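Data from upload-v3.tsv: TSV, C-alpha atoms
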```tsv
chain	number	residue	atom	x	y	z
H	1423	MET	CA	-89.97	-18.43	-59.98
H	1424	ALA	CA	-93.68	-18.78	-59.49
H	1425	SER	CA	-95.46	-15.80	-58.06
H	1426	CYS	CA	-97.16	-16.19	-54.64
H	1427	SER	CA	-100.42	-14.49	-53.89
H	1428	ILE	CA	-101.41	-13.00	-50.58
H	1429	GLU	CA	-104.05	-15.66	-50.07
H	1430	ASP	CA	-101.47	-18.46	-50.27
H	1431	VAL	CA	-99.23	-16.78	-47.68
H	1432	LEU	CA	-102.11	-16.34	-45.23
H	1433	ALA	CA	-103.22	-19.93	-45.71
H	1434	LYS	CA	-99.73	-21.23	-45.00
H	1435	ALA	CA	-99.50	-19.13	-41.83
H	1436	GLU	CA	-102.83	-20.52	-40.63
H	1437	ARG	CA	-101.64	-24.08	-41.22
H	1438	ASP	CA	-98.43	-23.47	-39.30
H	1439	GLU	CA	-100.35	-21.95	-36.43
H	1440	ALA	CA	-102.76	-24.89	-36.33
H	1441	GLU	CA	-99.85	-27.32	-36.15
H	1442	LYS	CA	-98.44	-25.47	-33.14
H	1443	LEU	CA	-101.75	-25.46	-31.29
H	1444	LYS	CA	-102.85	-28.96	-30.38
H	1445	GLY	CA	-106.43	-29.96	-29.87
H	1446	ILE	CA	-108.20	-30.77	-26.62
H	1447	THR	CA	-108.64	-34.39	-27.62
H	1448	VAL	CA	-105.88	-36.69	-26.38
H	1449	ASN	CA	-105.75	-40.39	-27.25
H	1450	LYS	CA	-104.30	-42.85	-24.72
H	1451	GLU	CA	-104.10	-46.64	-24.76
H	1452	LEU	CA	-105.31	-46.82	-21.16
H	1453	ASP	CA	-107.71	-44.31	-19.68
H	1454	LEU	CA	-106.39	-42.23	-16.79
H	1455	GLU	CA	-107.72	-42.57	-13.25
H	1456	PHE	CA	-108.94	-39.26	-11.84
H	1457	ASP	CA	-109.47	-37.93	-8.33
H	1458	PRO	CA	-111.19	-34.57	-8.90
H	1459	GLY	CA	-111.38	-33.85	-5.17
H	1460	ASN	CA	-107.58	-33.60	-5.02
H	1461	LEU	CA	-107.15	-32.52	-8.68
H	1462	LEU	CA	-105.14	-35.69	-9.38
H	1463	ALA	CA	-104.71	-37.83	-12.51
H	1464	PHE	CA	-102.95	-41.21	-12.55
H	1465	ASP	CA	-101.36	-42.26	-15.88
H	1466	LYS	CA	-100.64	-46.02	-16.05
H	1467	ASN	CA	-99.50	-46.07	-19.71
H	1468	ARG	CA	-96.01	-47.26	-20.56
H	1469	LEU	CA	-93.39	-44.67	-21.47
H	1470	ASP	CA	-91.64	-44.69	-24.82
H	1471	THR	CA	-88.07	-45.30	-23.68
H	1472	ARG	CA	-86.60	-44.48	-27.09
H	1473	GLU	CA	-87.97	-40.96	-27.11
H	1474	PHE	CA	-87.10	-40.54	-23.46
H	1475	LYS	CA	-83.44	-41.51	-24.00
H	1476	ASP	CA	-82.99	-39.23	-26.98
H	1477	ASN	CA	-81.68	-35.72	-26.76
H	1478	LYS	CA	-85.25	-34.34	-26.76
H	1479	ARG	CA	-85.97	-35.54	-23.22
H	1480	GLU	CA	-87.29	-32.17	-22.03
H	1481	ASP	CA	-89.66	-31.90	-24.99
H	1482	PHE	CA	-90.99	-35.41	-24.32
H	1483	LEU	CA	-91.69	-34.67	-20.65
H	1484	ARG	CA	-93.31	-31.34	-21.51
H	1485	SER	CA	-95.58	-32.99	-24.09
H	1486	LEU	CA	-96.57	-35.77	-21.67
H	1487	ALA	CA	-97.40	-33.28	-18.91
H	1488	ARG	CA	-99.44	-31.19	-21.34
H	1489	ASP	CA	-101.55	-34.20	-22.50
H	1490	ASN	CA	-102.29	-35.39	-18.97
H	1491	THR	CA	-103.18	-31.88	-17.82
H	1492	GLN	CA	-105.55	-31.53	-20.79
H	1493	LEU	CA	-107.29	-34.77	-19.82
H	1494	LEU	CA	-107.63	-33.57	-16.23
H	1495	ILE	CA	-109.15	-30.29	-17.38
H	1496	ASN	CA	-111.56	-32.17	-19.65
H	1497	GLU	CA	-112.61	-34.21	-16.62
H	1498	MET	CA	-113.15	-31.03	-14.59
H	1499	TRP	CA	-115.60	-29.70	-17.17
H	1500	LYS	CA	-117.76	-32.78	-16.60
H	1501	LEU	CA	-118.43	-31.74	-13.01
H	1502	PRO	CA	-121.48	-29.65	-12.06
H	1503	THR	CA	-120.81	-25.91	-12.21
H	1504	GLU	CA	-122.38	-22.74	-10.87
H	1505	ARG	CA	-121.89	-19.02	-11.39
H	1506	VAL	CA	-120.51	-17.00	-8.46
H	1507	GLU	CA	-120.06	-13.26	-9.09
H	1508	GLU	CA	-119.96	-13.75	-12.88
H	1509	ILE	CA	-117.37	-16.56	-12.54
H	1510	ILE	CA	-118.04	-20.19	-13.40
H	1511	VAL	CA	-117.02	-22.42	-10.49
H	1512	ALA	CA	-116.94	-26.23	-10.48
H	1513	LYS	CA	-118.16	-28.16	-7.45
H	1514	LEU	CA	-115.44	-30.60	-6.43
H	1515	PRO	CA	-116.51	-33.95	-4.94
H	1516	ASP	CA	-114.99	-35.40	-1.81
H	1517	PRO	CA	-111.38	-36.61	-2.28
H	1518	THR	CA	-110.82	-40.34	-2.49
H	1519	THR	CA	-107.01	-40.52	-2.23
H	1520	PRO	CA	-105.67	-40.24	1.35
H	1521	PHE	CA	-102.50	-38.23	1.84
H	1522	PRO	CA	-100.05	-38.74	4.72
H	1523	ARG	CA	-99.87	-35.95	7.31
H	1524	GLU	CA	-96.82	-34.63	9.12
H	1525	LYS	CA	-98.86	-34.16	12.31
H	1526	PRO	CA	-102.09	-35.76	13.50
H	1527	ALA	CA	-105.36	-34.15	12.57
H	1528	PRO	CA	-106.46	-31.52	15.08
H	1529	LYS	CA	-109.02	-32.69	17.57
H	1530	PRO	CA	-112.32	-30.80	17.80
H	1531	LYS	CA	-112.37	-28.18	20.52
H	1532	PRO	CA	-114.44	-29.12	23.56
H	1533	PRO	CA	-117.61	-27.06	23.92
H	1534	THR	CA	-117.67	-24.17	26.34
H	1535	LYS	CA	-120.09	-23.90	29.22
H	1536	TRP	CA	-122.41	-21.64	27.20
H	1537	GLU	CA	-122.32	-23.98	24.19
H	1538	GLN	CA	-123.29	-26.90	26.40
H	1539	PHE	CA	-126.17	-24.89	27.87
H	1540	ALA	CA	-127.33	-23.75	24.40
H	1541	LYS	CA	-127.29	-27.33	23.12
H	1542	LEU	CA	-129.26	-28.50	26.15
H	1543	LYS	CA	-131.89	-25.77	25.73
H	1544	GLY	CA	-131.95	-25.95	21.95
H	1545	ILE	CA	-130.71	-22.40	21.43
H	1546	GLN	CA	-129.46	-21.85	17.90
H	1547	LYS	CA	-126.85	-19.25	17.08
H	1548	LYS	CA	-128.10	-16.53	14.76
H	1549	LYS	CA	-125.60	-14.77	12.56
H	1550	LYS	CA	-125.77	-10.99	12.88
H	1551	THR	CA	-124.89	-8.51	10.20
H	1552	ASN	CA	-121.81	-6.34	10.60
H	1553	LEU	CA	-123.66	-3.09	9.79
H	1554	VAL	CA	-126.62	-1.61	11.67
H	1555	TRP	CA	-128.56	1.60	11.25
H	1556	ASP	CA	-127.56	4.47	13.55
H	1557	ASP	CA	-130.53	6.74	14.28
H	1558	VAL	CA	-128.33	9.52	15.64
H	1559	HIS	CA	-125.99	9.91	12.66
H	1560	LYS	CA	-128.57	8.66	10.12
H	1561	GLU	CA	-126.18	6.21	8.44
H	1562	TRP	CA	-125.07	2.60	8.47
H	1563	ARG	CA	-122.29	1.88	10.93
H	1564	ARG	CA	-120.43	-1.08	12.33
H	1565	ARG	CA	-122.04	-3.09	15.08
H	1566	TRP	CA	-118.78	-3.31	17.09
H	1567	GLY	CA	-115.39	-1.63	17.20
H	1568	TYR	CA	-114.24	1.80	16.09
H	1569	LYS	CA	-116.96	4.22	14.94
H	1570	ARG	CA	-119.69	1.77	15.91
H	1571	ALA	CA	-123.35	2.57	16.06
H	1572	LYS	CA	-124.89	3.76	19.34
H	1573	ASP	CA	-121.49	4.46	20.88
H	1574	ASP	CA	-122.25	5.75	24.39
H	1575	THR	CA	-118.58	6.48	25.17
H	1576	LYS	CA	-118.69	9.61	23.01
H	1577	GLU	CA	-121.48	11.23	25.00
H	1578	TRP	CA	-120.49	14.45	26.75
H	1579	LEU	CA	-123.57	14.42	28.99
H	1580	ILE	CA	-125.00	11.56	31.06
H	1581	GLU	CA	-128.35	11.73	32.82
H	1582	VAL	CA	-128.16	10.91	36.52
H	1583	PRO	CA	-130.70	8.23	37.52
H	1584	GLU	CA	-133.28	9.05	40.16
H	1585	ASN	CA	-132.05	6.48	42.67
H	1586	ALA	CA	-128.34	7.38	42.19
H	1587	ASP	CA	-126.14	9.63	44.29
H	1588	PRO	CA	-126.09	13.14	42.73
H	1589	SER	CA	-122.41	13.60	43.63
H	1590	GLU	CA	-121.36	10.31	42.00
H	1591	ASP	CA	-119.27	10.53	38.82
H	1592	GLN	CA	-121.28	8.73	36.16
H	1593	PHE	CA	-118.38	8.72	33.66
H	1594	ALA	CA	-116.06	6.98	36.14
H	1595	LYS	CA	-118.86	4.56	37.01
H	1596	ARG	CA	-119.33	3.67	33.34
H	1597	ASN	CA	-115.59	3.13	32.80
H	1598	LYS	CA	-115.39	0.95	35.90
H	1599	ALA	CA	-118.32	-1.17	34.74
H	1600	LYS	CA	-116.66	-1.67	31.35
H	1601	LYS	CA	-113.39	-2.78	32.95
H	1602	GLU	CA	-115.30	-5.25	35.13
H	1603	ARG	CA	-117.04	-6.70	32.08
H	1604	VAL	CA	-113.75	-7.11	30.25
H	1605	ALA	CA	-112.15	-8.77	33.28
H	1606	LYS	CA	-115.12	-11.10	33.70
H	1607	ASN	CA	-114.99	-12.17	30.05
H	1608	GLU	CA	-111.26	-12.83	30.30
H	1609	TYR	CA	-111.78	-14.86	33.49
H	1610	ASN	CA	-114.49	-16.94	31.82
H	1611	ARG	CA	-112.24	-17.53	28.81
H	1612	LEU	CA	-109.42	-18.81	31.03
H	1613	LYS	CA	-111.88	-21.02	32.93
H	1614	ASN	CA	-113.04	-22.58	29.66
H	1615	ILE	CA	-109.44	-23.31	28.67
H	1616	ALA	CA	-108.71	-24.86	32.08
H	1617	ARG	CA	-111.90	-26.92	31.93
H	1618	ALA	CA	-110.98	-28.18	28.46
H	1619	GLN	CA	-107.52	-29.25	29.67
H	1620	LYS	CA	-109.00	-30.77	32.85
H	1621	ILE	CA	-107.12	-28.45	35.19
H	1622	ASN	CA	-108.46	-27.47	38.60
H	1623	VAL	CA	-109.28	-23.79	38.55
H	1624	PRO	CA	-107.93	-22.09	41.71
H	1625	GLY	CA	-110.25	-19.96	43.78
H	1626	MET	CA	-109.57	-16.54	45.21
H	1627	GLY	CA	-107.32	-17.92	47.97
H	1628	LEU	CA	-105.28	-21.11	47.73
H	1629	ALA	CA	-105.37	-23.67	44.95
H	1630	PRO	CA	-107.51	-26.68	45.93
H	1631	THR	CA	-105.83	-30.05	46.29
H	1632	PRO	CA	-107.35	-33.53	46.72
H	1633	ARG	CA	-105.92	-33.88	50.25
H	1634	GLN	CA	-104.65	-30.83	52.08
H	1635	SER	CA	-101.98	-31.21	54.70
H	1636	LYS	CA	-102.07	-29.71	58.16
H	1637	ALA	CA	-99.73	-26.89	57.13
H	1638	GLU	CA	-101.89	-26.03	54.10
H	1639	LEU	CA	-105.04	-25.92	56.22
H	1640	ALA	CA	-103.31	-23.66	58.73
H	1641	GLN	CA	-102.21	-21.38	55.91
H	1642	ALA	CA	-105.76	-21.26	54.53
H	1643	VAL	CA	-107.11	-20.33	57.97
H	1644	ASN	CA	-104.50	-17.61	58.33
H	1645	VAL	CA	-105.32	-16.18	54.88
H	1646	ALA	CA	-109.03	-16.12	55.72
H	1647	LYS	CA	-108.33	-14.45	59.05
H	1648	ILE	CA	-106.25	-11.58	57.69
H	1649	SER	CA	-108.62	-10.92	54.78
H	1650	THR	CA	-110.81	-8.64	56.91
H	1651	ALA	CA	-110.75	-4.86	56.96
H	1652	SER	CA	-108.75	-4.88	60.19
H	1653	VAL	CA	-106.25	-7.42	58.80
H	1654	GLY	CA	-107.26	-9.96	61.43
H	1655	LYS	CA	-106.59	-7.69	64.41
H	1656	PHE	CA	-109.94	-8.36	66.08
H	1657	GLN	CA	-110.31	-12.00	65.02
H	1658	ASP	CA	-110.45	-14.54	67.82
H	1659	ASN	CA	-108.20	-17.60	67.70
H	1660	LEU	CA	-109.65	-21.03	67.28
H	1661	PRO	CA	-109.28	-23.56	70.08
H	1662	LYS	CA	-105.79	-25.09	70.11
H	1663	GLU	CA	-104.72	-22.78	67.29
H	1664	LYS	CA	-101.01	-22.07	67.10
H	1665	THR	CA	-99.47	-18.76	66.18
H	1666	PRO	CA	-98.63	-18.74	62.45
H	1667	LYS	CA	-94.95	-18.78	61.59
H	1668	ASN	CA	-93.08	-16.82	58.92
H	1669	THR	CA	-95.86	-14.31	58.49
H	1670	GLY	CA	-93.43	-11.41	58.15
H	1671	LYS	CA	-92.59	-8.57	60.49
H	1672	ARG	CA	-94.15	-5.16	60.24
H	1673	ARG	CA	-92.07	-2.08	60.79
H	1674	LYS	CA	-92.98	-0.16	63.91
H	1675	PHE	CA	-92.52	3.59	63.94
H	1676	GLN	CA	-92.34	5.81	66.96
H	1677	PRO	CA	-95.11	8.39	67.37
H	1678	LEU	CA	-94.35	11.86	66.04
H	1679	ILE	CA	-95.70	13.56	69.16
H	1680	GLY	CA	-95.82	12.39	72.77
H	1681	ASP	CA	-92.93	11.12	74.89
H	1682	PHE	CA	-89.75	12.93	73.77
H	1683	GLY	CA	-87.62	11.59	76.64
H	1684	SER	CA	-87.14	8.14	75.09
H	1685	GLU	CA	-86.34	9.66	71.71
H	1686	LYS	CA	-83.77	11.98	73.32
H	1687	GLN	CA	-82.18	9.06	75.16
H	1688	LYS	CA	-81.90	7.01	71.94
H	1689	GLN	CA	-80.30	9.88	70.07
H	1690	LEU	CA	-77.78	10.45	72.88
H	1691	GLU	CA	-76.83	6.78	72.94
H	1692	LEU	CA	-76.38	6.80	69.20
H	1693	LEU	CA	-74.12	9.88	69.37
H	1694	LYS	CA	-72.15	8.32	72.20
H	1695	VAL	CA	-71.46	5.20	70.15
H	1696	MET	CA	-70.51	7.22	67.09
H	1697	ASP	CA	-68.25	9.59	69.09
H	1698	SER	CA	-66.36	6.91	71.04
H	1699	LYS	CA	-63.10	5.73	69.50
H	1700	LYS	CA	-63.03	2.38	71.29
H	1701	PRO	CA	-65.36	-0.34	70.06
H	1702	ARG	CA	-68.31	-1.19	72.22
H	1703	LEU	CA	-67.83	-4.43	74.14
H	1704	ASP	CA	-70.76	-6.68	74.92
H	1705	ILE	CA	-69.59	-8.72	77.89
H	1706	THR	CA	-72.53	-11.11	77.82
H	1707	LYS	CA	-71.98	-11.93	74.19
H	1708	ALA	CA	-68.24	-12.39	74.74
H	1709	VAL	CA	-68.78	-14.76	77.69
H	1710	ASN	CA	-71.30	-16.82	75.71
H	1711	LYS	CA	-68.91	-17.07	72.79
H	1712	GLN	CA	-66.08	-18.17	75.10
H	1713	MET	CA	-68.30	-20.81	76.68
H	1714	ARG	CA	-69.31	-22.20	73.30
H	1715	GLU	CA	-65.68	-22.46	72.21
H	1716	GLU	CA	-64.70	-24.23	75.41
H	1717	ASP	CA	-67.62	-26.65	75.09
H	1718	ARG	CA	-66.59	-27.40	71.51
H	1719	GLU	CA	-62.97	-28.05	72.53
H	1720	SER	CA	-63.96	-30.30	75.44
H	1721	ALA	CA	-66.31	-32.29	73.24
H	1722	HIS	CA	-63.53	-32.73	70.69
H	1723	LYS	CA	-61.12	-33.97	73.36
H	1724	ARG	CA	-63.67	-36.41	74.75
H	1725	LYS	CA	-64.26	-37.75	71.25
H	1726	GLN	CA	-60.54	-38.32	70.73
H	1727	GLY	CA	-60.06	-40.00	74.13
H	1728	PHE	CA	-63.13	-42.24	73.79
H	1729	GLY	CA	-62.23	-45.95	73.63
H	1730	LYS	CA	-58.61	-45.63	74.85
H	1731	LYS	CA	-57.56	-47.90	77.74
H	1732	GLY	CA	-56.03	-46.15	80.75
H	1733	ARG	CA	-52.73	-47.22	82.26
H	1734	ARG	CA	-52.65	-49.09	85.53
H	1735	GLY	CA	-51.75	-47.03	88.56
H	1736	ASN	CA	-52.31	-43.73	86.82
H	1737	MET	CA	-55.99	-43.06	87.44
H	1738	SER	CA	-56.55	-39.32	87.67
H	1739	GLY	CA	-58.78	-38.16	90.48
H	1740	LYS	CA	-58.74	-41.41	92.36
H	1741	GLY	CA	-58.03	-40.88	96.04
H	1742	LYS	CA	-56.62	-37.40	95.52
H	1743	GLY	CA	-58.18	-34.09	96.35
H	1744	LYS	CA	-61.72	-34.76	97.45
H	1745	GLY	CA	-64.25	-32.21	96.17
H	1746	LYS	CA	-62.11	-31.01	93.27
H	1747	CYS	CA	-63.24	-30.93	89.61
H	1748	PRO	CA	-62.30	-34.04	87.65
H	1749	SER	CA	-60.82	-32.09	84.71
H	1750	VAL	CA	-59.45	-28.70	83.77
H	1751	ASP	CA	-62.22	-28.10	81.22
H	1752	CYS	CA	-64.88	-28.45	83.86
H	1753	CYS	CA	-63.13	-25.81	85.97
H	1754	GLN	CA	-62.99	-23.43	83.02
H	1755	ILE	CA	-66.70	-23.89	82.31
H	1756	HIS	CA	-67.46	-23.36	86.00
H	1757	LYS	CA	-65.37	-20.20	86.04
H	1758	ALA	CA	-67.10	-18.85	82.91
H	1759	SER	CA	-70.52	-19.48	84.44
H	1760	LEU	CA	-69.46	-17.58	87.57
H	1761	VAL	CA	-68.35	-14.64	85.42
H	1762	LYS	CA	-71.69	-14.65	83.65
H	1763	GLN	CA	-73.54	-14.74	86.96
H	1764	SER	CA	-71.48	-11.81	88.20
H	1765	GLN	CA	-72.47	-9.81	85.12
H	1766	TYR	CA	-76.14	-10.18	85.94
H	1767	LYS	CA	-75.48	-10.22	89.70
H	1768	TYR	CA	-77.37	-13.43	90.26
H	1769	PRO	CA	-77.35	-14.68	93.90
H	1770	THR	CA	-75.36	-17.84	94.49
H	1771	PRO	CA	-76.70	-20.79	96.49
H	1772	MET	CA	-74.90	-19.36	99.54
H	1773	GLY	CA	-76.95	-16.18	99.30
H	1774	ARG	CA	-74.07	-13.87	98.31
H	1775	ASN	CA	-73.34	-11.92	95.14
H	1776	ILE	CA	-70.09	-12.82	93.42
H	1777	GLY	CA	-68.12	-9.77	92.35
H	1778	HIS	CA	-65.70	-9.43	89.48
H	1779	SER	CA	-62.33	-11.06	90.07
```
Just give me the structure as structure tokens.
Amino acid sequence: MASCSIEDVLAKAERDEAEKLKGITVNKELDLEFDPGNLLAFDKNRLDTREFKDNKREDFLRSLARDNTQLLINEMWKLPTERVEEIIVAKLPDPTTPFPREKPAPKPKPPTKWEQFAKLKGIQKKKKTNLVWDDVHKEWRRRWGYKRAKDDTKEWLIEVPENADPSEDQFAKRNKAKKERVAKNEYNRLKNIARAQKINVPGMGLAPTPRQSKAELAQAVNVAKISTASVGKFQDNLPKEKTPKNTGKRRKFQPLIGDFGSEKQKQLELLKVMDSKKPRLDITKAVNKQMREEDRESAHKRKQGFGKKGRRGNMSGKGKGKGKCPSVDCCQIHKASLVKQSQYKYPTPMGRNIGHS
């Protein structure tokens, strides 16, 4: 057996390692088409079907993917590069292969009112730094947000201006002004969104419409009338103005001091109703209910008898009893009306009061 030196063993290991590592040069019959903007490579070469159908299918696909990726990387190194934070970055060109989208491309946002004004006046937006120098704390701080520079909300003492009321709370005034600014910004943001979507922005009262109806105009007048400090109590009515309907009823309370006789009488009546065992009978309501039922029954009977031919020689009310009512229902209605008149003691046409029967 021939002896092997250390140099021969190392040389063999280097050869084996070189066979495993392939070079960066890949030979193809047809050159690949590249789209560096999308990091794409199109391989139009024919596949070797024999190798693909063999048992080493996975190795064939892995080798093909490796060669095409190596060609794409070689193409990337041909692009112009630059160094960004000690990293070499390649500048990709614009993509040339269009890709289908699931949804349409987003439309550009319409400019706001301030952006339109800035474009008209030629005002250019200047980018501000996030950190500014704080003279009080002698350090760099954020321009906005928590622990910002020149934060006046942390002051424990506020100087009262010369033209201000000495008894006015300056801290509450500052907080109120901040809330108003926040509300104004939010209102302007919503107005920009409504303007972009072409929606009519409602005013402080009713939402404007192209053509307002008579009822809407009346409602607008009513809203303007009750928007005063006195809630429209001293506002004069317009000519031919009708009283608004469905405006709600306000609860009326009796005065705490003053006439105690009416309050005493109401309490006694309430105790009397609660103490009595028999239910309270409202005669007027009972008579009206009875009259409505009788009217309903008579109308039902007239509807059933409408269109029927009467028999000859049996005409009711013909030549018999002059001055009498033609039907029983009419007499009942007449009797009920007399009872109602007796309840209120209305004078009859003869000038006498009809008593209860």
Check your understanding: Any idea what the distance is between atom CA of H:Gln1641 and atom CA of H:Leu1660?
Key -> 13.6 Å
**Study point:** atom CA of H:Lys1547 to atom CA of H:Ala1599, straight-line distance in Å
**Key:**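 Atom CA of H:Lys1547 lies at a distance of 26.7 Å from atom CA of H:Ala1599.
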Exercise for review: Please measure the separation of atom CA of H:Leu1486 and atom CA of H:Leu1462, giving the value in Å to one decimal.
Suggested key: 15.0 Å
For H:Val1554, work out the shell of residues within 8 Å, counting all atoms listed in the file and skipping chain neighbours fewer than 4 positions away, then give it as a PDB file with C-alpha atoms, in the coordinates of the input.
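Here's the written file selection.pdb:
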```pdb
ATOM      1  CA  TRP H1562    -125.070   2.600   8.470  1.00  0.00           C
ATOM      2  CA  ARG H1563    -122.290   1.880  10.930  1.00  0.00           C
ATOM      3  CA  ARG H1564    -120.430  -1.080  12.330  1.00  0.00           C
ATOM      4  CA  ARG H1565    -122.040  -3.090  15.080  1.00  0.00           C
ATOM      5  CA  ALA H1571    -123.350   2.570  16.060  1.00  0.00           C
TER       6      ALA H1571
END
```
Review point. Which is closer to H:Glu1455 than all the others in H:Lys1525, H:Arg1437, H:Thr1518, H:Ile1510, using all atoms listed in the file?
Key: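 Result for the nearest residue to H:Glu1455: H:Thr1518.
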Point to revise | Polymer residues at most 12 Å from H:Gln1592, only C-alpha atoms, same-chain spacing of 3 or more positions, as a list in words | key: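 Selected residues are Thr1575, Glu1577, Trp1578, Leu1579, Ile1580, Glu1581, Val1582, Pro1583, Ala1586, Asp1587, Pro1588, Ser1589, Lys1595, Arg1596, Asn1597, Lys1598 and Ala1599 of chain H.
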Using only C-alpha atoms, which residues sit within 12 Å of H:Gln1676 once same-chain residues fewer than 4 positions away are excluded, as a CSV table (one decimal) with C-alpha atoms, in the coordinates of the input?
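The result, written out as around-v5.csv:
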```csv
chain,number,residue,atom,x,y,z
H,1680,GLY,CA,-95.8,12.4,72.8
H,1681,ASP,CA,-92.9,11.1,74.9
H,1682,PHE,CA,-89.8,12.9,73.8
H,1684,SER,CA,-87.1,8.1,75.1
H,1685,GLU,CA,-86.3,9.7,71.7
H,1688,LYS,CA,-81.9,7.0,71.9
```
Report, as lines of an AutoDock Vina configuration file, the centre and edge lengths in Å (one decimal) of the axis-aligned box enclosing every listed atom of stretch 1482-1492 of chain H, padded by 5 Å on each side.
```
center_x = -98.3
center_y = -33.5
center_z = -21.1
size_x = 24.6
size_y = 14.6
size_z = 16.5
```
Check your understanding: Which of these residues is nearest to H:Leu1553, using all atoms listed in the file: H:Arg1570, H:Lys1662, H:Ala1618, H:Glu1537?
Key ->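 Result for the nearest residue to H:Leu1553: H:Arg1570.
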Review point. Using all atoms listed in the file, which of the listed residues (H:Ile1615, H:Val1448, H:Ile1545, H:Val1709) sits closest to H:Asp1489?
Key: H:Val1448
**Study point:** Among listed residues H:Lys1475, H:Glu1602, H:Lys1531, H:Asp1704, nearest H:Gln1619 (using only C-alpha atoms)
**Key:**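 Of all the options, H:Lys1531 lies closest to H:Gln1619.
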**Study point:** All residues 12 Å or closer to H:Lys1667, all atoms listed in the file, same chain fewer than 6 positions away omitted, as a count of residues only
**Key:** 4
